[in-house]
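Visitor: Sharing a structure here in structure tokens format.
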Amino acid sequence: MADLREDPYPDVYIGGGFSDPSEPPSPAEPSEPTGPDLIAPDPAGPSEPTGPGPSMSSPAAPGRYFPRFPYFSSFPYFPYFPKRRGDRLLGVVAVVTGLVLVCHSLVPNTPGNLGSLLETVLPWTGLAVPVLLLAALVRRSVPAVVAALLLGAVWSALFASLFLGGSGGNGGGGPDLTVVTHNVNADNPDPAATARTLLAADPDLVALEEVTDEALPAYRESLDRRLPHSVHIGTVALWSRYPIAESRRITIDPGWSRSLRALVQGPKGPLAVYVVHLPSVRVGASGFTTGRRDETLGALVRALDEERQQKVLLLGDLNGATTDRRLQPLTSRLASVEGSGGTGFGFSWPAAFPLTRIDHILTRGLTPTDAWTLPSTGSDHRPVAAGLGA
């Protein structure tokens with residue numbers, strides 16, 4: 001038996017004591033030592049061929065002698081214990097989601113307007129952050145935790161500004177104008193109750209879309225009392241606290257009469273107000289169908305390019321999110337009040353569980369001070385409102 005000493009080499013642990021690795025083994029030392037920390041051979045004999053040394057992959061195999069390393073065997077990065085497959089999967093999901101956030105503009109729009117569909121739901125990628133972080137914590141995987149936190153940082157860089165609150169750009173006072181827009185739904189069962197919900201915001205301007213001839217008297221009866229000036233063209237209408245100097249239909253969709261322009265004499269000068277309802281989009285077997293909406297949007301942009309008023313306000317149902325690249329020609333000319341004055345995403349559709357914001361208030365020459373959504377009405381959309389410094 002080799003001479004046992006007191007722990008001069010703490011990294012070489014041999015059951016029962018420590019030996020000097022520089023000394024050759026004693027010839028008298030048994031070839032099969034036993035001890036409290038070594039696995040004894042199976043009396044029935046080995047069940048598999050033995051090699052020149054112990055098997056590191058199967059330390060408890062019969063006929064093997066393998067020192068117990070209680071610390072190293074539980075450490076996930078010990079060379080003989082590779083990273084777990086689940087940890088790698090969490091990391092891959094975090095990296096792919098981060099790439100989608102950063103490179104969404106590179107996703108092609110053909111076939112099926114895939115890029116536009118992705119950008120419409122892009123804010124929802126943030127749900128991956130808490131899910132991945134919780135899974136990483138349950139698995140006690142430090143790399144997966146880091147990957148989830150990095151994904152959270154990327155998502156925050158894109159969307160955190162929406163949660164910073166209003167700009168307060170009116171010198172700390174109240175807004176000069178409070179405006180509301182609402183797709184009231186042609187099948188709204190209670191137009192009068194819908195109008196009362198909108199009036200609870202104490203608006204100066206109210207724009208409605210999908211106004212039917214049957215429901216118009218109910219809206220007039222409620223709104224005219226507080227907002228005496230109004231114009232109604234086709235299926236869109238505008239009520240105003242301030243005089244409407246002129247109004248006309250803007251022909252952006254020849255097949256429909258659902259857009260108008262009005263010149264409102266606001267508290268600090270005239271402003272051009274557009275009320276617009278763009279054609280619907282659909283998600284089906286052929287993909288995300290936006291062709292008609294995009295054509296109408298192009299006509300609307302051309303009409304805005306001809307607008308000579310410095311202050312412009314656009315209210316309506318655009319059937320698209322401002323993150324959708326197809327709306328970029330419009331959002332490059334007018335600013336979204338939700339992006340600069342809101343707190344959150346302001347999702348408006350569907351009303352029961354809003355998934356995206358397709359109802360918008362866009363401005364030029366006006367300063368958003370606040371933006372919010374109103375309670376649900378009898379419509380499948382939620383009303384959206386904003387305070388503006390004129």
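Every chain in the structure tokens takes a letter, A first, then B, and so on in the order presented; its residues are numbered from 1, and the ligands are numbered from 1 following the presented order.
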Identify, on the basis of only C-alpha atoms, every residue whose closest approach to A:Val275 does not exceed 12 Å; exclude the query and any residue fewer than 3 positions from it along the same chain; express the result as a ChimeraX atom specification.

Guide: /A:179-183,205-210,231-239,247-250,252,257-263,272,278,300,312-318,359-362

Visitor: From a backbone DSSP assignment, name each residue in stretch 73-202 of chain A labelled strand (DSSP E), as an MDAnalysis selection string.

Guide: chainID A and resid 177:183

Visitor: Between A:Pro108, A:Arg139, A:Leu177, A:Val102, which one has atoms that come closest to A:Val154, using only C-alpha atoms?

Guide: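 Closest to A:Val154, using only C-alpha atoms: A:Val102.
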
Visitor: Env of A:Arg196: 10 Å cut, atoms = only C-alpha atoms, seq-sep filter 6 positions within chain, self excluded. Answer as JSON, numbers by chain.

Guide: {"A": [219, 222, 223, 377]}
